[in-house]
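Dropping protein-v2.cif in here (mmCIF, C-alpha atoms):
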data_run
#
loop_
_atom_site.group_PDB
_atom_site.id
_atom_site.type_symbol
_atom_site.label_atom_id
_atom_site.label_comp_id
_atom_site.auth_asym_id
_atom_site.auth_seq_id
_atom_site.Cartn_x
_atom_site.Cartn_y
_atom_site.Cartn_z
ATOM 1 C CA MET A 1 120.571 81.919 82.285
ATOM 2 C CA SER A 2 118.154 79.053 83.002
ATOM 3 C CA ILE A 3 118.724 76.330 85.570
ATOM 4 C CA GLN A 4 119.880 73.119 83.891
ATOM 5 C CA ALA A 5 120.409 70.832 86.887
ATOM 6 C CA VAL A 6 119.175 70.276 90.421
ATOM 7 C CA VAL A 7 121.591 69.015 93.051
ATOM 8 C CA TRP A 8 120.084 67.433 96.134
ATOM 9 C CA ASP A 9 121.033 66.958 99.738
ATOM 10 C CA VAL A 10 119.884 63.543 101.028
ATOM 11 C CA ASP A 11 119.217 63.372 104.769
ATOM 12 C CA ASP A 12 116.078 65.241 105.828
ATOM 13 C CA THR A 13 115.700 66.545 102.261
ATOM 14 C CA LEU A 14 114.919 63.416 100.226
ATOM 15 C CA PHE A 15 115.173 60.842 103.005
ATOM 16 C CA ASP A 16 113.314 61.223 106.307
ATOM 17 C CA TYR A 17 116.439 60.700 108.395
ATOM 18 C CA THR A 18 115.127 62.195 111.634
ATOM 19 C CA THR A 19 112.158 59.838 111.808
ATOM 20 C CA ALA A 20 114.159 56.774 110.755
ATOM 21 C CA ASP A 21 116.902 57.545 113.266
ATOM 22 C CA ARG A 22 114.404 57.949 116.107
ATOM 23 C CA LEU A 23 112.291 54.889 115.316
ATOM 24 C CA GLY A 24 115.225 52.673 114.396
ATOM 25 C CA MET A 25 117.234 53.420 117.528
ATOM 26 C CA ARG A 26 114.162 53.122 119.744
ATOM 27 C CA ALA A 27 113.493 49.628 118.320
ATOM 28 C CA HIS A 28 117.152 48.667 118.662
ATOM 29 C CA LEU A 29 117.508 49.856 122.254
ATOM 30 C CA THR A 30 114.307 48.032 123.156
ATOM 31 C CA ALA A 31 115.566 44.814 121.582
ATOM 32 C CA GLU A 32 118.939 45.167 123.329
ATOM 33 C CA GLY A 33 117.320 45.855 126.705
ATOM 34 C CA LEU A 34 119.090 49.206 127.055
ATOM 35 C CA LEU A 35 116.237 51.643 127.552
ATOM 36 C CA ASP A 36 116.357 51.226 131.334
ATOM 37 C CA ASP A 37 119.823 52.814 131.293
ATOM 38 C CA TYR A 38 118.253 56.190 130.393
ATOM 39 C CA ASP A 39 115.526 58.360 131.849
ATOM 40 C CA THR A 40 113.897 58.759 128.424
ATOM 41 C CA VAL A 41 114.253 57.486 124.882
ATOM 42 C CA GLU A 42 115.041 61.047 123.802
ATOM 43 C CA GLN A 43 117.998 61.125 126.214
ATOM 44 C CA ALA A 44 119.388 57.922 124.711
ATOM 45 C CA LEU A 45 118.905 59.229 121.180
ATOM 46 C CA ALA A 46 120.595 62.528 122.027
ATOM 47 C CA ARG A 47 123.626 60.667 123.374
ATOM 48 C CA TRP A 48 123.797 58.437 120.293
ATOM 49 C CA ARG A 49 123.619 61.454 117.970
ATOM 50 C CA GLU A 50 126.302 63.313 119.926
ATOM 51 C CA ILE A 51 128.650 60.319 119.750
ATOM 52 C CA THR A 52 127.858 59.816 116.082
ATOM 53 C CA ASP A 53 128.728 63.428 115.266
ATOM 54 C CA LEU A 54 132.031 63.237 117.150
ATOM 55 C CA GLN A 55 133.110 59.953 115.602
ATOM 56 C CA TRP A 56 132.006 61.035 112.127
ATOM 57 C CA ALA A 57 134.134 64.162 112.486
ATOM 58 C CA ARG A 58 137.147 61.907 113.142
ATOM 59 C CA PHE A 59 136.371 59.954 109.989
ATOM 60 C CA ALA A 60 135.876 63.100 107.910
ATOM 61 C CA ALA A 61 139.228 64.439 109.166
ATOM 62 C CA GLY A 62 140.989 61.228 108.167
ATOM 63 C CA GLU A 63 141.701 60.273 111.797
ATOM 64 C CA ALA A 64 139.719 57.020 111.655
ATOM 65 C CA GLY A 65 138.529 54.616 108.989
ATOM 66 C CA PHE A 66 134.875 54.138 108.123
ATOM 67 C CA GLN A 67 134.527 50.851 109.980
ATOM 68 C CA THR A 68 136.624 52.108 112.893
ATOM 69 C CA GLN A 69 134.339 55.088 113.536
ATOM 70 C CA ARG A 70 131.337 52.755 113.532
ATOM 71 C CA ARG A 71 132.963 50.468 116.094
ATOM 72 C CA ASP A 72 134.011 53.391 118.261
ATOM 73 C CA ARG A 73 130.484 54.763 118.232
ATOM 74 C CA VAL A 74 129.285 51.514 119.758
ATOM 75 C CA ARG A 75 132.098 51.294 122.326
ATOM 76 C CA VAL A 76 131.618 54.865 123.516
ATOM 77 C CA PHE A 77 127.834 54.567 123.604
ATOM 78 C CA LEU A 78 127.939 51.349 125.631
ATOM 79 C CA ASP A 79 130.962 52.510 127.638
ATOM 80 C CA ARG A 80 132.710 49.166 127.578
ATOM 81 C CA GLU A 81 135.502 47.282 125.874
ATOM 82 C CA MET A 82 134.414 45.232 122.876
ATOM 83 C CA THR A 83 136.162 43.228 120.210
ATOM 84 C CA ASP A 84 135.795 44.418 116.632
ATOM 85 C CA ALA A 85 133.491 41.495 115.931
ATOM 86 C CA GLU A 86 131.260 42.335 118.900
ATOM 87 C CA ALA A 87 131.037 46.000 117.943
ATOM 88 C CA ASP A 88 130.327 45.107 114.308
ATOM 89 C CA ALA A 89 127.553 42.726 115.320
ATOM 90 C CA TRP A 90 125.924 45.333 117.587
ATOM 91 C CA PHE A 91 126.035 47.940 114.842
ATOM 92 C CA GLU A 92 124.607 45.538 112.268
ATOM 93 C CA ARG A 93 121.675 44.806 114.570
ATOM 94 C CA TYR A 94 121.109 48.565 114.861
ATOM 95 C CA ILE A 95 121.326 48.998 111.083
ATOM 96 C CA ALA A 96 118.665 46.317 110.581
ATOM 97 C CA HIS A 97 116.229 48.275 112.761
ATOM 98 C CA TYR A 98 117.221 51.590 111.158
ATOM 99 C CA GLU A 99 116.843 50.392 107.576
ATOM 100 C CA ALA A 100 113.476 48.801 108.361
ATOM 101 C CA VAL A 101 111.984 52.288 108.751
ATOM 102 C CA TRP A 102 113.745 54.048 105.871
ATOM 103 C CA ALA A 103 111.415 56.155 103.738
ATOM 104 C CA LEU A 104 111.432 59.036 101.290
ATOM 105 C CA PHE A 105 109.336 62.086 102.073
ATOM 106 C CA PRO A 106 105.990 61.900 100.225
ATOM 107 C CA ASP A 107 106.812 64.884 97.993
ATOM 108 C CA VAL A 108 110.071 63.415 96.630
ATOM 109 C CA LEU A 109 108.971 61.036 93.870
ATOM 110 C CA PRO A 110 106.359 63.447 92.448
ATOM 111 C CA VAL A 111 108.922 66.236 92.072
ATOM 112 C CA LEU A 112 111.611 63.945 90.655
ATOM 113 C CA ASP A 113 109.069 62.709 88.107
ATOM 114 C CA ALA A 114 107.975 66.257 87.295
ATOM 115 C CA LEU A 115 111.536 67.446 86.710
ATOM 116 C CA ALA A 116 112.911 64.292 85.068
ATOM 117 C CA ALA A 117 112.611 65.577 81.511
ATOM 118 C CA SER A 118 113.512 69.202 82.132
ATOM 119 C CA HIS A 119 116.499 69.025 84.484
ATOM 120 C CA ARG A 120 119.536 66.900 85.209
ATOM 121 C CA HIS A 121 119.923 65.636 88.767
ATOM 122 C CA ALA A 122 122.818 64.950 91.149
ATOM 123 C CA VAL A 123 123.497 64.536 94.867
ATOM 124 C CA LEU A 124 125.902 66.382 97.160
ATOM 125 C CA SER A 125 125.975 65.108 100.732
ATOM 126 C CA ASN A 126 128.163 65.741 103.755
ATOM 127 C CA SER A 127 128.111 62.010 104.427
ATOM 128 C CA SER A 128 130.088 59.220 102.732
ATOM 129 C CA ILE A 129 129.447 57.310 99.533
ATOM 130 C CA HIS A 130 129.530 54.136 101.684
ATOM 131 C CA VAL A 131 126.333 55.343 103.333
ATOM 132 C CA GLN A 132 124.494 57.343 100.687
ATOM 133 C CA ASP A 133 125.013 55.062 97.692
ATOM 134 C CA ARG A 134 123.372 52.157 99.504
ATOM 135 C CA LYS A 135 120.655 54.377 100.948
ATOM 136 C CA LEU A 136 119.645 55.725 97.546
ATOM 137 C CA ARG A 137 119.597 52.193 96.109
ATOM 138 C CA VAL A 138 117.424 50.825 98.922
ATOM 139 C CA LEU A 139 115.062 53.788 98.538
ATOM 140 C CA GLY A 140 114.816 53.105 94.799
ATOM 141 C CA VAL A 141 116.058 56.466 93.510
ATOM 142 C CA HIS A 142 119.768 55.851 92.863
ATOM 143 C CA ASP A 143 119.348 55.807 89.091
ATOM 144 C CA ARG A 144 117.663 59.220 89.161
ATOM 145 C CA PHE A 145 121.049 60.904 89.727
ATOM 146 C CA GLU A 146 123.890 61.101 87.249
ATOM 147 C CA ALA A 147 126.431 62.053 89.913
ATOM 148 C CA ILE A 148 126.594 61.300 93.652
ATOM 149 C CA LEU A 149 129.294 63.209 95.538
ATOM 150 C CA CYS A 150 129.982 62.977 99.255
ATOM 151 C CA ALA A 151 132.202 65.070 101.492
ATOM 152 C CA ALA A 152 134.142 62.154 102.961
ATOM 153 C CA GLU A 153 135.514 61.248 99.552
ATOM 154 C CA LEU A 154 135.754 64.811 98.210
ATOM 155 C CA GLY A 155 137.839 66.020 101.135
ATOM 156 C CA VAL A 156 135.744 69.177 101.373
ATOM 157 C CA SER A 157 132.304 69.599 102.888
ATOM 158 C CA LYS A 158 129.377 71.987 102.779
ATOM 159 C CA PRO A 159 129.138 74.922 103.391
ATOM 160 C CA GLU A 160 132.559 75.350 101.729
ATOM 161 C CA ALA A 161 132.187 76.624 98.171
ATOM 162 C CA GLY A 162 134.566 73.926 96.961
ATOM 163 C CA ALA A 163 132.014 71.214 97.727
ATOM 164 C CA PHE A 164 129.313 72.912 95.667
ATOM 165 C CA HIS A 165 131.729 73.719 92.856
ATOM 166 C CA ALA A 166 132.861 70.076 92.752
ATOM 167 C CA VAL A 167 129.384 68.855 91.923
ATOM 168 C CA CYS A 168 128.970 71.618 89.327
ATOM 169 C CA GLU A 169 132.223 70.467 87.728
ATOM 170 C CA ALA A 170 130.992 66.873 87.753
ATOM 171 C CA LEU A 171 127.933 68.057 85.823
ATOM 172 C CA GLY A 172 129.998 70.253 83.513
ATOM 173 C CA LEU A 173 127.885 73.292 84.383
ATOM 174 C CA PRO A 174 128.659 76.702 85.883
ATOM 175 C CA PRO A 175 127.143 77.343 89.325
ATOM 176 C CA ARG A 176 124.642 79.846 87.918
ATOM 177 C CA GLN A 177 122.985 77.014 85.959
ATOM 178 C CA VAL A 178 122.632 74.739 88.988
ATOM 179 C CA ALA A 179 120.082 74.742 91.808
ATOM 180 C CA TYR A 180 120.824 73.192 95.181
ATOM 181 C CA VAL A 181 118.078 71.878 97.475
ATOM 182 C CA GLY A 182 118.821 71.140 101.128
ATOM 183 C CA ASP A 183 117.232 71.217 104.574
ATOM 184 C CA HIS A 184 119.880 73.120 106.572
ATOM 185 C CA PRO A 185 119.493 76.901 106.264
ATOM 186 C CA GLU A 186 123.204 77.618 106.770
ATOM 187 C CA ILE A 187 125.125 74.549 105.558
ATOM 188 C CA ASP A 188 122.885 74.056 102.548
ATOM 189 C CA GLY A 189 121.029 77.324 102.097
ATOM 190 C CA ARG A 190 123.635 79.990 102.684
ATOM 191 C CA GLY A 191 126.472 77.739 101.528
ATOM 192 C CA ALA A 192 124.947 77.145 98.110
ATOM 193 C CA ALA A 193 123.963 80.793 97.700
ATOM 194 C CA ASP A 194 127.465 81.987 98.570
ATOM 195 C CA ALA A 195 128.901 79.500 96.058
ATOM 196 C CA GLY A 196 126.809 81.056 93.279
ATOM 197 C CA LEU A 197 124.117 78.395 92.899
ATOM 198 C CA LEU A 198 120.379 78.963 92.981
ATOM 199 C CA SER A 199 119.863 77.999 96.594
ATOM 200 C CA VAL A 200 116.613 76.419 97.794
ATOM 201 C CA TRP A 201 116.039 75.753 101.478
ATOM 202 C CA ILE A 202 113.361 73.112 102.101
ATOM 203 C CA ASP A 203 111.945 74.014 105.503
ATOM 204 C CA ARG A 204 109.882 71.048 106.628
ATOM 205 C CA GLY A 205 109.097 72.576 110.015
ATOM 206 C CA GLY A 206 111.774 70.632 111.854
ATOM 207 C CA ALA A 207 114.669 71.697 114.030
ATOM 208 C CA TYR A 208 115.462 74.809 111.963
ATOM 209 C CA ALA A 209 111.914 76.100 111.483
ATOM 210 C CA THR A 210 112.127 78.693 114.248
ATOM 211 C CA ILE A 211 115.346 80.383 113.162
ATOM 212 C CA ASP A 212 115.474 83.524 111.097
ATOM 213 C CA PRO A 213 116.041 82.521 107.463
ATOM 214 C CA PRO A 214 119.471 83.459 106.108
ATOM 215 C CA THR A 215 119.836 85.898 103.241
ATOM 216 C CA GLY A 216 120.300 84.170 99.902
ATOM 217 C CA PRO A 217 118.328 80.918 99.681
ATOM 218 C CA HIS A 218 114.744 80.641 98.510
ATOM 219 C CA ARG A 219 112.609 79.102 101.248
ATOM 220 C CA ILE A 220 109.961 76.485 100.435
ATOM 221 C CA ALA A 221 107.803 74.312 102.666
ATOM 222 C CA SER A 222 107.269 71.492 100.180
ATOM 223 C CA LEU A 223 109.109 70.173 97.144
ATOM 224 C CA ALA A 224 105.846 70.702 95.267
ATOM 225 C CA GLU A 225 106.889 74.369 95.134
ATOM 226 C CA LEU A 226 110.169 73.613 93.362
ATOM 227 C CA PRO A 227 109.063 73.289 89.695
ATOM 228 C CA SER A 228 107.444 76.704 89.655
ATOM 229 C CA LEU A 229 110.497 78.192 91.339
ATOM 230 C CA LEU A 230 112.711 76.696 88.626
ATOM 231 C CA GLY A 231 110.334 77.767 85.899
ATOM 232 C CA ALA A 232 109.904 74.144 84.838
ATOM 233 C CA ASP A 233 107.327 73.288 82.177
ATOM 234 C CA SER A 234 105.261 71.013 84.420
ATOM 235 C CA ARG A 235 101.680 70.755 85.651
ATOM 236 C CA PHE A 236 103.021 69.612 89.010
ATOM 237 C CA GLY A 237 103.812 72.431 91.361
ATOM 238 C CA ALA A 238 102.479 74.770 93.984
ATOM 239 C CA PRO A 239 103.010 78.397 94.876
ATOM 240 C CA SER A 240 105.255 79.174 97.787
ATOM 241 C CA THR A 241 103.690 79.263 101.228
ATOM 242 C CA PHE A 242 106.343 81.702 102.462
ATOM 243 C CA ARG A 243 105.979 85.410 101.751
#
Target format C-alpha cells, applied to this file:
Amino acid sequence: MSIQAVVWDVDDTLFDYTTADRLGMRAHLTAEGLLDDYDTVEQALARWREITDLQWARFAAGEAGFQTQRRDRVRVFLDREMTDAEADAWFERYIAHYEAVWALFPDVLPVLDALAASHRHAVLSNSSIHVQDRKLRVLGVHDRFEAILCAAELGVSKPEAGAFHAVCEALGLPPRQVAYVGDHPEIDGRGAADAGLLSVWIDRGGAYATIDPPTGPHRIASLAELPSLLGADSRFGAPSTFR
C-alpha cells in the first residue's frame, strides 16, 4: 500500500539544531563574559548540553515544569543561587542569540514543495510543543504540517512505538501508510521501523555517521533522495548515495 503521509522529526532533520546551538551559545557566553571559565568553547557547550539533557529528562518525567527546568539549567550551569527573575533573564538573553542563528537545512523547502501535493505532512518530536511550535513558526514552515505532536505532551517518546502510533492516529492512517524521517539511527530510524512505519534515516554526516546503520530504516544523505524513495510523482529527487 502506498505511503500517504510523511512525518518529520525537527531538530537536526529539518532544523539545523547543532549549528544553531553551537553558534548561539558561543555568542551568548562571549556576551556574558563566561568563556574564560572554560578551557575551550567546546567544553562549555558540552557542559550546557549535559545539563540541558538532565533537566529536560526531569521535565519529561513530570518532575519539573517547563519554566522550572529552564531556570534550573541556568542555575546549575552557572553554579550559583539565582532568583527566578534572574534565571529567566539570563535564559532569555541566551534565546535571543540562539534564535538569531536559526535556519532550516537547504534541502528542506525543496522537498516540502516537491511533496506538498502528493503527501500529507506532520511532525513528531521528542521535545515539547512549547519549543517546537514556536520554532516551526519562526522558520516559516508551521503551516506545512497538519499535526504537530511532541513527547512532553504525549507522555510517550520515541523510540517507543506508542509515540509513532499516536501521530499515525492523529493522521487517521495505519503505520504502513506513513513514512517517518529523522536524524537519529536508533531513536528515529529503528524506532519507526519497529513501529511499522516506512523508516527513513537522514544521515547528514554528523555525530551518527560513523556508526553501523541499524536494520530497518532506509538511509539517505539528502532529503533530495526522499521523493524517489516514496515513489512520488515529482521531478525533484536524487538517487540514493548509499548502496
For the PyMOL selection byres ((chain A and resi 154) around 10), applied here, can you spell out every residue it catches as number ranges by chain?
A: 60, 126, 128-129, 149-153, 155-157, 162-163, 166-167
With C-alpha atoms retained, could you export that selection as a compact mmCIF listing (two decimals), in the frame of the given file?
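Output (part.txt):
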# COMPACT_ATOMS: atom_id res chain seq x y z
CA ALA A 60 135.88 63.10 107.91
CA ASN A 126 128.16 65.74 103.76
CA SER A 128 130.09 59.22 102.73
CA ILE A 129 129.45 57.31 99.53
CA LEU A 149 129.29 63.21 95.54
CA CYS A 150 129.98 62.98 99.26
CA ALA A 151 132.20 65.07 101.49
CA ALA A 152 134.14 62.15 102.96
CA GLU A 153 135.51 61.25 99.55
CA GLY A 155 137.84 66.02 101.14
CA VAL A 156 135.74 69.18 101.37
CA SER A 157 132.30 69.60 102.89
CA GLY A 162 134.57 73.93 96.96
CA ALA A 163 132.01 71.21 97.73
CA ALA A 166 132.86 70.08 92.75
CA VAL A 167 129.38 68.86 91.92
Separation of atom CA of Tyr17 of chain A from atom CA of Leu139 of chain A in Å
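Computing the Euclidean distance for atom CA of Leu139 of chain A and atom CA of Tyr17 of chain A yields 12.1 Å.
Proximity to Leu173 of chain A was assessed for A:Ala85, A:Ile95, A:Val6, A:Val123 counting all atoms listed in the file; the smallest distance is recorded for A:Val6.
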Evaluate the PyMOL selection byres ((chain A and resi 174) around 12) and record the selected residues as a ChimeraX atom specification, following the chain and residue labels used in the document.
/A:1-5,164-173,175-179,195-198
Mind writing the picked residues with C-alpha atoms as a PDB file, keeping the file's coordinate frame?
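Final file, again_16.pdb:
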ATOM      1  CA  MET A   1     120.571  81.919  82.285  1.00  0.00           C
ATOM      2  CA  SER A   2     118.154  79.053  83.002  1.00  0.00           C
ATOM      3  CA  ILE A   3     118.724  76.330  85.570  1.00  0.00           C
ATOM      4  CA  GLN A   4     119.880  73.119  83.891  1.00  0.00           C
ATOM      5  CA  ALA A   5     120.409  70.832  86.887  1.00  0.00           C
ATOM      6  CA  PHE A 164     129.313  72.912  95.667  1.00  0.00           C
ATOM      7  CA  HIS A 165     131.729  73.719  92.856  1.00  0.00           C
ATOM      8  CA  ALA A 166     132.861  70.076  92.752  1.00  0.00           C
ATOM      9  CA  VAL A 167     129.384  68.855  91.923  1.00  0.00           C
ATOM     10  CA  CYS A 168     128.970  71.618  89.327  1.00  0.00           C
ATOM     11  CA  GLU A 169     132.223  70.467  87.728  1.00  0.00           C
ATOM     12  CA  ALA A 170     130.992  66.873  87.753  1.00  0.00           C
ATOM     13  CA  LEU A 171     127.933  68.057  85.823  1.00  0.00           C
ATOM     14  CA  GLY A 172     129.998  70.253  83.513  1.00  0.00           C
ATOM     15  CA  LEU A 173     127.885  73.292  84.383  1.00  0.00           C
ATOM     16  CA  PRO A 175     127.143  77.343  89.325  1.00  0.00           C
ATOM     17  CA  ARG A 176     124.642  79.846  87.918  1.00  0.00           C
ATOM     18  CA  GLN A 177     122.985  77.014  85.959  1.00  0.00           C
ATOM     19  CA  VAL A 178     122.632  74.739  88.988  1.00  0.00           C
ATOM     20  CA  ALA A 179     120.082  74.742  91.808  1.00  0.00           C
ATOM     21  CA  ALA A 195     128.901  79.500  96.058  1.00  0.00           C
ATOM     22  CA  GLY A 196     126.809  81.056  93.279  1.00  0.00           C
ATOM     23  CA  LEU A 197     124.117  78.395  92.899  1.00  0.00           C
ATOM     24  CA  LEU A 198     120.379  78.963  92.981  1.00  0.00           C
TER      25      LEU A 198
END
12 Å contact set for segment 223-232 of chain A, all atoms listed in the file, chain neighbours under 6 positions out, as an mmCIF file with C-alpha atoms, keeping the file's coordinate frame:
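Output file around_32.cif is given in full below:
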data_model
loop_
_atom_site.group_PDB
_atom_site.id
_atom_site.type_symbol
_atom_site.label_atom_id
_atom_site.label_comp_id
_atom_site.auth_asym_id
_atom_site.auth_seq_id
_atom_site.Cartn_x
_atom_site.Cartn_y
_atom_site.Cartn_z
ATOM 1 C CA MET A 1 120.571 81.919 82.285
ATOM 2 C CA SER A 2 118.154 79.053 83.002
ATOM 3 C CA ILE A 3 118.724 76.330 85.570
ATOM 4 C CA GLN A 4 119.880 73.119 83.891
ATOM 5 C CA ALA A 5 120.409 70.832 86.887
ATOM 6 C CA VAL A 6 119.175 70.276 90.421
ATOM 7 C CA TRP A 8 120.084 67.433 96.134
ATOM 8 C CA THR A 13 115.700 66.545 102.261
ATOM 9 C CA LEU A 14 114.919 63.416 100.226
ATOM 10 C CA PHE A 105 109.336 62.086 102.073
ATOM 11 C CA PRO A 106 105.990 61.900 100.225
ATOM 12 C CA ASP A 107 106.812 64.884 97.993
ATOM 13 C CA VAL A 108 110.071 63.415 96.630
ATOM 14 C CA LEU A 109 108.971 61.036 93.870
ATOM 15 C CA PRO A 110 106.359 63.447 92.448
ATOM 16 C CA VAL A 111 108.922 66.236 92.072
ATOM 17 C CA LEU A 112 111.611 63.945 90.655
ATOM 18 C CA ASP A 113 109.069 62.709 88.107
ATOM 19 C CA ALA A 114 107.975 66.257 87.295
ATOM 20 C CA LEU A 115 111.536 67.446 86.710
ATOM 21 C CA ALA A 116 112.911 64.292 85.068
ATOM 22 C CA ALA A 117 112.611 65.577 81.511
ATOM 23 C CA SER A 118 113.512 69.202 82.132
ATOM 24 C CA HIS A 119 116.499 69.025 84.484
ATOM 25 C CA GLN A 177 122.985 77.014 85.959
ATOM 26 C CA VAL A 178 122.632 74.739 88.988
ATOM 27 C CA ALA A 179 120.082 74.742 91.808
ATOM 28 C CA TYR A 180 120.824 73.192 95.181
ATOM 29 C CA VAL A 181 118.078 71.878 97.475
ATOM 30 C CA GLY A 182 118.821 71.140 101.128
ATOM 31 C CA ASP A 183 117.232 71.217 104.574
ATOM 32 C CA LEU A 198 120.379 78.963 92.981
ATOM 33 C CA SER A 199 119.863 77.999 96.594
ATOM 34 C CA VAL A 200 116.613 76.419 97.794
ATOM 35 C CA TRP A 201 116.039 75.753 101.478
ATOM 36 C CA ILE A 202 113.361 73.112 102.101
ATOM 37 C CA ASP A 203 111.945 74.014 105.503
ATOM 38 C CA ARG A 204 109.882 71.048 106.628
ATOM 39 C CA PRO A 217 118.328 80.918 99.681
ATOM 40 C CA ALA A 238 102.479 74.770 93.984
ATOM 41 C CA PRO A 239 103.010 78.397 94.876
ATOM 42 C CA SER A 240 105.255 79.174 97.787
ATOM 43 C CA THR A 241 103.690 79.263 101.228
ATOM 44 C CA PHE A 242 106.343 81.702 102.462
#
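Compared by their closest atoms to His28 of chain A, and using only C-alpha atoms, the residues A:Tyr94, A:Phe77, A:Trp48, A:Phe66 rank with A:Tyr94 nearest.
Here atom CA of Glu81 of chain A stands at a distance of 14.6 Å from atom CA of Gln69 of chain A.
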Residue with the minimum atom-to-atom distance to Glu146 of chain A, picked from A:Ser125, A:Glu186, A:Arg120, A:Ala161 with only C-alpha atoms counted, is A:Arg120
Please, what distance in Å, to one decimal, runs between atom CA of Ile51 of chain A and atom CA of Arg73 of chain A?
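That distance, rounded to one decimal, is 6.0 Å.
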Pick the closest to Ala44 of chain A from A:Asp21, A:Asp16, A:Glu99, A:Asp9: which is it, counting all atoms listed in the file?
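The closest residue to Ala44 of chain A is A:Asp21.
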Just want the 10 Å neighbourhood of His142 of chain A, counted on all atoms listed in the file, with same-chain residues fewer than 6 positions away dropped. Output as a PyMOL selection string.
chain A and resi 122-123+132-136+148
Grab the residues selected above and save them as a compact mmCIF listing (two decimals), in the frame of the given file with C-alpha atoms.
# COMPACT_ATOMS: atom_id res chain seq x y z
CA ALA A 122 122.82 64.95 91.15
CA VAL A 123 123.50 64.54 94.87
CA GLN A 132 124.49 57.34 100.69
CA ASP A 133 125.01 55.06 97.69
CA ARG A 134 123.37 52.16 99.50
CA LYS A 135 120.66 54.38 100.95
CA LEU A 136 119.64 55.72 97.55
CA ILE A 148 126.59 61.30 93.65
Contacts of Arg47 of chain A within 12 Å, all atoms listed in the file, excl. fewer than 4 positions in-chain, as number ranges by chain:
A: 25, 37-43, 51-54, 73-74, 76-79
Please produce segment 99-112 of chain A, completed to N, CA, C and O atoms, as a short mmCIF file (atom, residue, chain, number, x, y, z; two decimals), in the frame of the given file.
data_model
loop_
_atom_site.label_atom_id
_atom_site.label_comp_id
_atom_site.auth_asym_id
_atom_site.auth_seq_id
_atom_site.Cartn_x
_atom_site.Cartn_y
_atom_site.Cartn_z
N GLU A 99 117.23 50.52 108.97
CA GLU A 99 116.84 50.39 107.58
C GLU A 99 115.39 49.95 107.43
O GLU A 99 114.74 50.24 106.41
N ALA A 100 114.86 49.27 108.43
CA ALA A 100 113.48 48.80 108.36
C ALA A 100 112.48 49.95 108.30
O ALA A 100 111.33 49.76 107.86
N VAL A 101 112.90 51.13 108.74
CA VAL A 101 111.98 52.29 108.75
C VAL A 101 112.44 53.39 107.79
O VAL A 101 111.97 54.52 107.87
N TRP A 102 113.33 53.07 106.87
CA TRP A 102 113.74 54.05 105.87
C TRP A 102 112.57 54.42 104.98
O TRP A 102 111.78 53.56 104.56
N ALA A 103 112.47 55.70 104.65
CA ALA A 103 111.42 56.16 103.74
C ALA A 103 111.79 57.51 103.14
O ALA A 103 112.44 58.33 103.79
N LEU A 104 111.37 57.72 101.91
CA LEU A 104 111.43 59.04 101.29
C LEU A 104 110.29 59.89 101.83
O LEU A 104 109.26 59.38 102.25
N PHE A 105 110.47 61.21 101.79
CA PHE A 105 109.34 62.09 102.07
C PHE A 105 108.30 61.93 100.95
O PHE A 105 108.67 61.67 99.79
N PRO A 106 107.03 62.11 101.24
CA PRO A 106 105.99 61.90 100.22
C PRO A 106 106.11 62.80 98.99
O PRO A 106 105.60 62.45 97.92
N ASP A 107 106.74 63.96 99.13
CA ASP A 107 106.81 64.88 97.99
C ASP A 107 108.00 64.63 97.08
O ASP A 107 108.18 65.34 96.08
N VAL A 108 108.83 63.62 97.39
CA VAL A 108 110.07 63.42 96.63
C VAL A 108 109.82 62.82 95.24
O VAL A 108 110.25 63.38 94.23
N LEU A 109 109.18 61.67 95.18
CA LEU A 109 108.97 61.04 93.87
C LEU A 109 108.16 61.90 92.91
O LEU A 109 108.50 61.99 91.72
N PRO A 110 107.09 62.57 93.38
CA PRO A 110 106.36 63.45 92.45
C PRO A 110 107.23 64.54 91.84
O PRO A 110 107.11 64.84 90.65
N VAL A 111 108.12 65.15 92.64
CA VAL A 111 108.92 66.24 92.07
C VAL A 111 110.03 65.69 91.18
O VAL A 111 110.38 66.30 90.16
N LEU A 112 110.60 64.55 91.53
CA LEU A 112 111.61 63.94 90.66
C LEU A 112 110.99 63.56 89.31
O LEU A 112 111.61 63.74 88.26
#
